[in-house]
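Enquirer: My structure file entry36.txt, compact mmCIF, C-alpha atoms, is below:
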```txt
# COMPACT_ATOMS: atom_id res chain seq x y z
CA MET A 1 12.66 76.97 -24.34
CA THR A 2 12.02 77.61 -28.04
CA SER A 3 8.73 76.73 -29.68
CA ASN A 4 7.81 75.56 -33.19
CA ASN A 5 10.72 73.15 -33.52
CA GLN A 6 11.30 72.65 -37.24
CA PHE A 7 11.69 68.90 -36.62
CA GLY A 8 8.42 68.51 -34.75
CA PRO A 9 7.64 68.02 -31.05
CA LYS A 10 10.29 65.31 -30.61
CA GLY A 11 13.00 67.44 -32.21
CA TRP A 12 15.81 66.10 -34.34
CA THR A 13 16.75 62.44 -33.83
CA PRO A 14 19.03 60.06 -35.75
CA GLU A 15 15.95 58.54 -37.35
CA ARG A 16 16.29 61.34 -39.90
CA LEU A 17 19.69 60.08 -41.05
CA GLY A 18 20.01 58.36 -44.39
CA PHE A 19 22.84 56.09 -45.49
CA LEU A 20 26.20 57.87 -45.18
CA ALA A 21 28.45 55.61 -47.24
CA GLY A 22 31.19 57.65 -48.90
CA LYS A 23 31.02 60.38 -46.24
CA THR A 24 33.95 61.10 -43.92
CA TYR A 25 33.67 62.76 -40.51
CA VAL A 26 36.63 63.96 -38.44
CA ILE A 27 35.85 64.27 -34.71
CA THR A 28 37.99 65.58 -31.87
CA GLY A 29 37.66 63.86 -28.49
CA ALA A 30 35.89 60.83 -29.94
CA ASN A 31 37.04 57.99 -27.68
CA ALA A 32 34.50 58.74 -24.93
CA GLY A 33 31.32 60.65 -24.17
CA ALA A 34 29.31 62.43 -26.84
CA GLY A 35 32.14 62.16 -29.38
CA PHE A 36 32.19 58.38 -29.04
CA GLU A 37 28.42 58.18 -29.33
CA ALA A 38 28.49 60.40 -32.42
CA THR A 39 31.07 58.06 -33.91
CA ARG A 40 28.85 55.05 -33.17
CA ILE A 41 25.83 56.60 -34.86
CA LEU A 42 27.77 57.73 -37.93
CA LEU A 43 29.38 54.30 -38.32
CA SER A 44 25.97 52.65 -38.02
CA LYS A 45 24.97 54.57 -41.15
CA GLY A 46 28.02 53.49 -43.13
CA ALA A 47 30.18 56.58 -42.71
CA LYS A 48 33.94 56.74 -42.26
CA VAL A 49 35.12 58.35 -39.02
CA VAL A 50 38.58 59.67 -38.19
CA MET A 51 39.00 60.33 -34.47
CA LEU A 52 41.50 62.92 -33.21
CA ASN A 53 42.25 61.95 -29.61
CA ARG A 54 44.91 62.62 -27.02
CA SER A 55 45.04 59.11 -25.49
CA VAL A 56 46.40 56.33 -27.67
CA ASP A 57 45.30 53.57 -25.27
CA LYS A 58 41.74 54.86 -24.96
CA SER A 59 41.54 55.27 -28.73
CA ILE A 60 42.65 51.70 -29.36
CA ALA A 61 40.10 50.46 -26.82
CA ALA A 62 37.34 52.59 -28.37
CA ILE A 63 38.07 51.31 -31.87
CA SER A 64 38.07 47.73 -30.58
CA THR A 65 34.64 48.28 -29.02
CA LEU A 66 33.29 49.82 -32.21
CA LYS A 67 34.59 47.00 -34.40
CA GLN A 68 33.04 44.44 -32.06
CA GLU A 69 29.71 46.21 -32.56
CA PHE A 70 29.88 46.96 -36.29
CA GLY A 71 32.33 44.38 -37.58
CA SER A 72 35.98 44.42 -38.52
CA ASP A 73 35.20 46.36 -41.70
CA ALA A 74 33.94 49.39 -39.76
CA ASP A 75 35.89 52.32 -41.20
CA VAL A 76 37.12 54.01 -38.03
CA THR A 77 40.68 55.17 -37.35
CA PHE A 78 42.41 57.64 -35.09
CA VAL A 79 45.19 60.18 -35.26
CA PRO A 80 46.94 61.16 -32.01
CA MET A 81 46.41 64.83 -31.17
CA ASP A 82 46.64 66.91 -28.01
CA LEU A 83 44.70 70.17 -28.40
CA ALA A 84 46.71 71.65 -25.53
CA VAL A 85 49.90 71.45 -27.63
CA LEU A 86 49.81 73.45 -30.85
CA ASP A 87 52.67 71.47 -32.39
CA SER A 88 50.63 68.30 -31.80
CA VAL A 89 47.70 69.92 -33.61
CA ARG A 90 49.97 70.80 -36.53
CA GLU A 91 51.32 67.25 -36.74
CA ALA A 92 47.84 65.72 -36.58
CA ALA A 93 46.49 68.11 -39.21
CA ALA A 94 49.38 67.26 -41.53
CA GLU A 95 48.63 63.55 -41.12
CA VAL A 96 44.94 64.08 -41.82
CA MET A 97 45.71 66.13 -44.93
CA ALA A 98 48.02 63.36 -46.15
CA LYS A 99 45.64 60.46 -45.48
CA VAL A 100 42.08 61.81 -45.67
CA SER A 101 40.95 62.88 -49.13
CA ASN A 102 37.50 64.09 -48.15
CA ILE A 103 36.10 65.78 -45.02
CA ASN A 104 32.34 66.15 -45.02
CA ALA A 105 32.42 67.58 -41.51
CA LEU A 106 35.03 68.46 -38.92
CA ILE A 107 33.32 68.18 -35.53
CA CYS A 108 35.07 70.22 -32.82
CA ASN A 109 33.77 68.12 -29.94
CA ALA A 110 36.68 67.80 -27.46
CA ALA A 111 36.77 70.04 -24.41
CA ILE A 112 38.01 70.40 -20.87
CA ALA A 113 35.91 72.10 -18.21
CA GLN A 114 36.05 73.77 -14.82
CA VAL A 115 39.72 73.08 -14.09
CA VAL A 116 39.91 73.86 -10.38
CA LYS A 117 43.30 75.63 -10.40
CA GLN A 118 44.76 77.68 -13.21
CA GLU A 119 46.88 75.60 -15.57
CA ILE A 120 48.97 76.95 -18.44
CA THR A 121 49.61 75.00 -21.64
CA VAL A 122 53.09 74.49 -23.08
CA ASP A 123 52.30 77.31 -25.51
CA GLY A 124 51.50 79.68 -22.65
CA TYR A 125 47.70 79.75 -22.60
CA GLU A 126 45.15 79.20 -19.86
CA SER A 127 44.33 75.53 -20.36
CA GLN A 128 40.61 75.76 -21.08
CA LEU A 129 41.10 78.56 -23.60
CA GLY A 130 44.08 76.73 -25.07
CA VAL A 131 42.27 73.43 -25.58
CA ASN A 132 38.73 74.54 -26.32
CA HIS A 133 39.48 77.58 -28.47
CA TYR A 134 43.06 77.98 -29.69
CA GLY A 135 43.60 74.28 -30.42
CA HIS A 136 40.40 74.05 -32.46
CA PHE A 137 41.02 77.41 -34.16
CA LEU A 138 44.35 76.12 -35.43
CA LEU A 139 42.96 72.73 -36.44
CA CYS A 140 40.10 74.27 -38.41
CA GLY A 141 42.49 76.59 -40.21
CA LEU A 142 44.91 73.82 -41.14
CA LEU A 143 42.13 71.54 -42.45
CA PHE A 144 40.06 74.30 -44.05
CA ASP A 145 41.22 73.77 -47.62
CA ARG A 146 40.35 70.08 -47.51
CA ILE A 147 36.92 70.88 -46.05
CA GLU A 148 36.42 73.50 -48.76
CA GLU A 149 37.38 71.02 -51.49
CA SER A 150 34.81 68.63 -50.02
CA LYS A 151 32.09 71.31 -49.77
CA GLY A 152 32.02 70.26 -46.15
CA ARG A 153 31.18 71.70 -42.76
CA ILE A 154 32.75 72.78 -39.51
CA VAL A 155 30.69 72.03 -36.40
CA VAL A 156 31.61 73.82 -33.19
CA VAL A 157 30.29 72.15 -30.05
CA ALA A 158 29.75 75.01 -27.63
CA SER A 159 28.03 75.11 -24.24
CA GLU A 160 25.17 76.81 -22.45
CA GLY A 161 27.98 78.06 -20.24
CA TYR A 162 28.62 80.84 -22.74
CA LYS A 163 25.79 82.74 -21.04
CA MET A 164 27.18 82.35 -17.53
CA GLY A 165 30.52 84.12 -17.60
CA LEU A 166 31.60 87.63 -18.54
CA LYS A 167 29.53 87.67 -21.75
CA THR A 168 32.55 89.07 -23.58
CA ILE A 169 36.23 88.29 -24.10
CA GLN A 170 38.69 89.41 -21.43
CA PHE A 171 41.33 90.74 -23.80
CA ASP A 172 43.36 92.48 -21.08
CA ASP A 173 43.94 89.18 -19.23
CA MET A 174 43.26 86.20 -21.49
CA ASN A 175 44.92 83.80 -19.04
CA TRP A 176 42.87 85.05 -16.09
CA ASP A 177 45.99 85.64 -14.01
CA LYS A 178 44.13 88.19 -11.86
CA ASN A 179 40.70 86.62 -11.45
CA TYR A 180 40.89 82.92 -12.29
CA HIS A 181 37.64 81.08 -11.65
CA PRO A 182 37.06 77.49 -12.85
CA ASN A 183 33.58 78.00 -14.22
CA LYS A 184 33.83 81.58 -15.50
CA THR A 185 37.07 80.74 -17.28
CA TYR A 186 35.44 77.70 -18.88
CA CYS A 187 32.51 79.87 -20.00
CA HIS A 188 35.02 82.33 -21.46
CA SER A 189 36.61 79.58 -23.55
CA LYS A 190 33.26 78.35 -24.89
CA LEU A 191 32.15 81.87 -25.80
CA ALA A 192 35.45 82.27 -27.64
CA GLN A 193 34.70 79.12 -29.64
CA MET A 194 31.27 80.43 -30.61
CA MET A 195 32.59 83.84 -31.58
CA PHE A 196 35.26 82.20 -33.72
CA ALA A 197 32.54 80.23 -35.53
CA TYR A 198 30.38 83.27 -36.25
CA GLU A 199 33.34 85.33 -37.47
CA LEU A 200 34.42 82.40 -39.64
CA GLN A 201 30.96 82.50 -41.21
CA ASN A 202 31.51 86.18 -41.99
CA ARG A 203 34.86 85.56 -43.63
CA ILE A 204 33.68 82.55 -45.63
CA LYS A 205 30.83 84.61 -47.03
CA ALA A 206 33.14 87.51 -47.92
CA ALA A 207 35.58 85.14 -49.65
CA ASN A 208 32.76 83.35 -51.50
CA LYS A 209 33.81 79.96 -50.09
CA LYS A 210 31.55 76.92 -49.74
CA VAL A 211 32.23 75.67 -46.19
CA LYS A 212 29.28 75.87 -43.83
CA VAL A 213 29.77 76.49 -40.11
CA TYR A 214 27.30 75.46 -37.41
CA VAL A 215 27.24 75.97 -33.65
CA CYS A 216 25.52 73.59 -31.23
CA HIS A 217 25.55 72.53 -27.59
CA PRO A 218 25.03 69.09 -25.98
CA GLY A 219 22.89 70.23 -23.07
CA ALA A 220 23.53 68.53 -19.74
CA SER A 221 24.82 65.10 -20.76
CA ASN A 222 26.33 62.29 -18.74
CA THR A 223 29.89 62.38 -20.08
CA SER A 224 33.35 62.50 -18.53
CA LEU A 225 33.62 66.30 -18.94
CA ILE A 226 33.24 66.80 -15.18
CA GLY A 227 36.44 64.93 -14.38
CA LYS A 228 39.22 64.73 -11.81
CA LYS A 229 40.39 68.33 -12.26
CA VAL A 230 36.98 69.67 -11.20
CA ASN A 231 36.53 70.60 -7.53
CA LEU A 232 34.86 68.09 -5.21
CA PRO A 233 31.60 70.02 -4.55
CA THR A 234 30.99 70.32 -8.30
CA ARG A 235 31.68 66.61 -8.82
CA ILE A 236 29.28 65.69 -6.01
CA THR A 237 26.57 68.00 -7.42
CA TRP A 238 27.02 66.49 -10.87
CA PHE A 239 26.86 62.95 -9.45
CA LEU A 240 23.56 63.75 -7.75
CA MET A 241 22.17 65.32 -10.94
CA VAL A 242 23.01 62.17 -12.88
CA LYS A 243 21.54 59.86 -10.24
CA THR A 244 18.29 61.83 -10.02
CA GLY A 245 17.79 61.88 -13.80
CA MET A 246 18.29 65.61 -14.31
CA VAL A 247 20.70 65.05 -17.19
CA GLN A 248 20.45 63.10 -20.41
CA THR A 249 22.64 60.33 -21.82
CA ALA A 250 25.87 60.88 -23.72
CA GLU A 251 24.14 59.47 -26.79
CA GLN A 252 21.42 62.12 -26.57
CA GLY A 253 24.15 64.70 -26.06
CA SER A 254 25.63 63.69 -29.41
CA TYR A 255 22.47 64.40 -31.40
CA PRO A 256 23.09 68.14 -31.96
CA GLU A 257 26.59 67.63 -33.40
CA ILE A 258 25.38 64.82 -35.66
CA MET A 259 22.48 66.96 -36.81
CA CYS A 260 24.78 69.89 -37.59
CA SER A 261 27.09 67.54 -39.50
CA THR A 262 24.41 65.99 -41.69
CA GLU A 263 21.13 67.91 -41.82
CA ASP A 264 20.48 70.08 -44.89
CA ASN A 265 17.89 72.55 -43.66
CA LEU A 266 19.75 74.45 -40.95
CA LYS A 267 20.58 78.11 -40.45
CA GLN A 268 24.21 79.00 -39.91
CA ARG A 269 23.65 82.16 -37.86
CA ALA A 270 22.01 80.05 -35.18
CA TYR A 271 22.59 77.92 -32.11
CA TYR A 272 21.25 74.36 -31.87
CA GLY A 273 20.81 71.86 -29.05
CA PRO A 274 18.34 70.51 -26.50
CA SER A 275 15.57 73.07 -26.17
CA GLY A 276 13.71 71.78 -23.11
CA ARG A 277 14.22 72.59 -19.42
CA TRP A 278 17.00 75.21 -19.18
CA ASN A 279 18.26 73.84 -22.51
CA TRP A 280 19.70 70.93 -20.50
CA VAL A 281 17.48 68.27 -22.03
CA GLY A 282 14.58 68.00 -24.41
CA PRO A 283 13.91 68.10 -28.15
CA VAL A 284 16.92 69.06 -30.26
CA GLY A 285 16.32 72.16 -32.32
CA GLU A 286 17.16 75.83 -32.53
CA CYS A 287 17.82 77.60 -29.23
CA LYS A 288 17.98 81.31 -28.47
CA LEU A 289 21.31 82.88 -29.40
CA GLU A 290 22.26 85.77 -27.13
CA SER A 291 23.24 88.94 -28.98
CA PHE A 292 26.54 89.45 -27.14
CA ALA A 293 27.91 86.36 -28.90
CA LEU A 294 27.63 88.32 -32.16
CA ASP A 295 29.35 91.57 -31.09
CA GLN A 296 31.24 92.36 -34.28
CA ASP A 297 34.01 94.40 -32.66
CA VAL A 298 34.79 91.50 -30.31
CA LEU A 299 34.53 88.93 -33.10
CA THR A 300 37.06 90.82 -35.21
CA LYS A 301 39.46 91.43 -32.33
CA LEU A 302 39.34 87.80 -31.19
CA TRP A 303 40.02 86.54 -34.71
CA THR A 304 43.07 88.78 -35.08
CA LEU A 305 44.40 87.75 -31.68
CA SER A 306 43.79 84.06 -32.40
CA GLU A 307 45.73 84.23 -35.65
CA GLN A 308 48.62 85.87 -33.81
CA GLU A 309 48.64 83.38 -30.93
CA THR A 310 48.49 80.31 -33.19
CA SER A 311 50.86 81.74 -35.85
CA LEU A 312 48.26 80.91 -38.47
CA SER A 313 47.09 83.29 -41.17
CA TRP A 314 43.88 81.95 -42.68
CA SER A 315 43.48 82.18 -46.45
CA LEU A 316 40.23 84.12 -46.03
```
Please express what this file holds, its structure, as structure tokens.
Expert:
Amino acid sequence: MTSNNQFGPKGWTPERLGFLAGKTYVITGANAGAGFEATRILLSKGAKVVMLNRSVDKSIAAISTLKQEFGSDADVTFVPMDLAVLDSVREAAAEVMAKVSNINALICNAAIAQVVKQEITVDGYESQLGVNHYGHFLLCGLLFDRIEESKGRIVVVASEGYKMGLKTIQFDDMNWDKNYHPNKTYCHSKLAQMMFAYELQNRIKAANKKVKVYVCHPGASNTSLIGKKVNLPTRITWFLMVKTGMVQTAEQGSYPEIMCSTEDNLKQRAYYGPSGRWNWVGPVGECKLESFALDQDVLTKLWTLSEQETSLSWSL
């Protein structure tokens, strides 16, 4: 637990938000969980939200719910996108570039977790790495120029799991063909996301660009992340944690990504989220960032590999 929270003993809350009219936020995985709650809060402040979601039906239902709450004029739309399919990411990014003139923040919120048996995406990647890292890496690169024009931000929603795996990138077996493990492989994918973000900060600074990049985590939040592809013992444990009040709400889990999308006085070389018990719950603020997430040799190697695997050469 960190002390001296810059936002006071209660940490950051949406009470700090001003009116966001004229601001546009693009959020992946926004039809449920923390992404949906982030959308709700941003809309309540007058912002425009573009959701990038895999399920068309769930997106339509989510937008209907939001318009019932905020009125038919609520500026919320969605673009179909499956992070597990790089061509889908390319198509969605092209549509966003054509239709969205301003991006104040791209929030990389979507994720899959603890897939019980190894699955490989259509592009040939272990599914958690493919969705959580490669899909977002490509999306950020394709939308970067628009974010730069907007003097906007990229927010990477990571996980406390980054501490629980190998604490490095397994370059000799990125798909975990030899040692697949649902949780360790998930942790690997979230560490990759964080390392991408910190290396992106390096490259933005070297290129004298304006985009800011922030990394946060939602803590232990009651979302649909622990879903049907997770093994039964883990689902039962999670159910009991929810029922006994050990986790926070999805709305509370959205606070760090909203903060990183809107707050002015944040450090980039940092890691934000709930800072209470085990960083699962508690006041939102700066949390300890472990040094292995900043290993420059690994950051550089992962960036080069990610460009190769996504066939994207960033203009940085």
Enquirer: Provide the CA of Val156 (chain A) to CA of Leu302 (chain A) distance in Å, to one decimal place.
Expert: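 So the two atoms, CA of Val156 (chain A) and CA of Leu302 (chain A), lie 16.1 Å apart.
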Enquirer: Quick one: residues within 12 Å of Gly18 (chain A), all atoms listed in the file, excluding same-chain residues fewer than 6 positions away - as JSON, numbers by chain?
Expert: {"A": [41, 42, 43, 44, 45, 46, 47, 259, 262, 263, 264]}
Enquirer: Return as CSV the residues of region 147-209 of chain A lying at most 9 Å from region 116-120 of chain A, together with the closest atom-to-atom pair for each and the distance in Å to one decimal, counting only C-alpha atoms, with rows in chain order and ascending residue number.
Expert:
```
residue,atom,partner,partner_atom,distance
A:Asn175,CA,A:Ile120,CA,8.0
A:Trp176,CA,A:Gln118,CA,8.1
A:Asp177,CA,A:Gln118,CA,8.1
A:Tyr180,CA,A:Gln118,CA,6.6
A:His181,CA,A:Val116,CA,7.7
A:Pro182,CA,A:Val116,CA,5.2
A:Asn183,CA,A:Val116,CA,8.5
```
Enquirer: What does the distance between CA of Asp123 (chain A) and CA of Ala84 (chain A) come to in Å, to one decimal place?
Expert: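 Pair CA of Asp123 (chain A) / CA of Ala84 (chain A) returns 8.0 Å.
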Enquirer: Between A:Val100, A:Leu138, A:Arg40, A:Val284, which residue has the minimum interatomic distance to Gln68 (chain A), considering all atoms listed in the file?
Expert: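 Among the listed residues, A:Arg40 lies closest to Gln68 (chain A).
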Enquirer: Suppose you want the space between CA of Gln114 (chain A) and CA of Val50 (chain A); what is it in Å?
Expert: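 So the two atoms, CA of Gln114 (chain A) and CA of Val50 (chain A), lie 27.4 Å apart.
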Enquirer: Would you kindly return, as a list in words, each protein, DNA or RNA residue with an atom no farther than 9 Å from any atom of Trp314 (chain A), considering all atoms listed in the file and excluding same-chain residues fewer than 2 positions away?
Expert: Gly141, Leu142, Phe144, Glu307, Leu312 and Leu316 of chain A
Enquirer: Name all residues at most 8 Å from region 72-80 of chain A (count only C-alpha atoms; drop same-chain ones fewer than 6 positions away) and give them as a list in words.
Expert: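 Non-adjacent residues within range: Leu43, Gly46, Ala47, Lys48, Val49, Val50, Met51, Leu52, Asn53, Arg54, Ser55, Val56, Ser59, Ile63, Leu66, Ala92, Glu95 and Val96 of chain A.
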Enquirer: Can you work out which one of A:Ile103, A:Leu191, A:Val122, A:Ala197 has the shortest atom-to-atom distance to Gly165 (chain A), counting all atoms listed in the file?
Expert: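 Smallest distance to Gly165 (chain A) is found for A:Leu191.
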Enquirer: Determine the nearest neighbour of Asp297 (chain A) from the options A:Val89, A:Met195, A:Ile204, A:Ala32, counting all atoms listed in the file.
Expert: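 Closest to Asp297 (chain A), using all atoms listed in the file: A:Met195.
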Enquirer: Pick the closest to Phe292 (chain A) from A:Ser261, A:Gln268, A:Ile169, A:Lys209: which is it, counting all atoms listed in the file?
Expert: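 Result for the nearest residue to Phe292 (chain A): A:Ile169.
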Enquirer: Please, which residues are within 12 Å of (39.6, 74.9, -39.4) by the file's coordinates, counting all atoms listed in the file, and could they come as an MDAnalysis selection string?
Expert: chainID A and resid 26 89:90 93 103 105:108 133:148 152:156 193 196:197 200:201 204 211:213 307 312:316
Enquirer: Fewer than 6 positions away in the same chain doesn't count, so skip those; otherwise give me all residues within 12 Å of Gly219 (chain A), counting all atoms listed in the file, as an NGL selection string.
Expert: :A and (34 or 157-161 or 246-257 or 271-285 or 287)
Enquirer: Between A:Glu309, A:Glu286, A:Glu149, A:Asp57, single out the one closest to Met174 (chain A), counting only C-alpha atoms.
Expert: A:Glu309
Enquirer: From the options A:His217, A:Ala293, A:Glu126, A:Asn31, which residue's atoms come nearest to Ser64 (chain A), counting only C-alpha atoms?
Expert: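 Answer, going by the shortest atom-to-atom distance: A:Asn31.
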Enquirer: Could N, CA and C atoms be built for region 49-64 of chain A and written out as an mmCIF file, in the coordinates of the input?
Expert:
```
data_model
loop_
_atom_site.group_PDB
_atom_site.id
_atom_site.type_symbol
_atom_site.label_atom_id
_atom_site.label_comp_id
_atom_site.auth_asym_id
_atom_site.auth_seq_id
_atom_site.Cartn_x
_atom_site.Cartn_y
_atom_site.Cartn_z
ATOM 1 N N VAL A 49 34.828 57.407 -40.097
ATOM 2 C CA VAL A 49 35.120 58.350 -39.020
ATOM 3 C C VAL A 49 36.611 58.324 -38.693
ATOM 4 N N VAL A 50 37.202 59.506 -38.629
ATOM 5 C CA VAL A 50 38.580 59.670 -38.190
ATOM 6 C C VAL A 50 38.539 60.401 -36.850
ATOM 7 N N MET A 51 39.009 59.745 -35.803
ATOM 8 C CA MET A 51 39.000 60.330 -34.470
ATOM 9 C C MET A 51 40.339 61.021 -34.200
ATOM 10 N N LEU A 52 40.300 62.207 -33.640
ATOM 11 C CA LEU A 52 41.500 62.920 -33.210
ATOM 12 C C LEU A 52 41.465 62.961 -31.687
ATOM 13 N N ASN A 53 42.308 62.136 -31.062
ATOM 14 C CA ASN A 53 42.250 61.950 -29.610
ATOM 15 C C ASN A 53 43.632 62.091 -28.994
ATOM 16 N N ARG A 54 43.640 62.491 -27.741
ATOM 17 C CA ARG A 54 44.910 62.620 -27.020
ATOM 18 C C ARG A 54 45.450 61.269 -26.575
ATOM 19 N N SER A 55 44.598 60.380 -26.067
ATOM 20 C CA SER A 55 45.040 59.110 -25.490
ATOM 21 C C SER A 55 45.079 58.004 -26.532
ATOM 22 N N VAL A 56 46.252 57.449 -26.739
ATOM 23 C CA VAL A 56 46.400 56.330 -27.670
ATOM 24 C C VAL A 56 45.691 55.100 -27.131
ATOM 25 N N ASP A 57 45.903 54.783 -25.857
ATOM 26 C CA ASP A 57 45.300 53.570 -25.270
ATOM 27 C C ASP A 57 43.783 53.621 -25.316
ATOM 28 N N LYS A 58 43.202 54.742 -24.950
ATOM 29 C CA LYS A 58 41.740 54.860 -24.960
ATOM 30 C C LYS A 58 41.201 54.803 -26.394
ATOM 31 N N SER A 59 41.970 55.309 -27.337
ATOM 32 C CA SER A 59 41.540 55.270 -28.730
ATOM 33 C C SER A 59 41.539 53.845 -29.260
ATOM 34 N N ILE A 60 42.579 53.098 -28.937
ATOM 35 C CA ILE A 60 42.650 51.700 -29.360
ATOM 36 C C ILE A 60 41.481 50.910 -28.766
ATOM 37 N N ALA A 61 41.203 51.149 -27.483
ATOM 38 C CA ALA A 61 40.100 50.460 -26.820
ATOM 39 C C ALA A 61 38.756 50.849 -27.448
ATOM 40 N N ALA A 62 38.585 52.127 -27.764
ATOM 41 C CA ALA A 62 37.340 52.590 -28.370
ATOM 42 C C ALA A 62 37.123 51.953 -29.736
ATOM 43 N N ILE A 63 38.179 51.903 -30.543
ATOM 44 C CA ILE A 63 38.070 51.310 -31.870
ATOM 45 C C ILE A 63 37.751 49.824 -31.761
ATOM 46 N N SER A 64 38.361 49.151 -30.795
ATOM 47 C CA SER A 64 38.070 47.730 -30.580
ATOM 48 C C SER A 64 36.597 47.525 -30.255
#
```
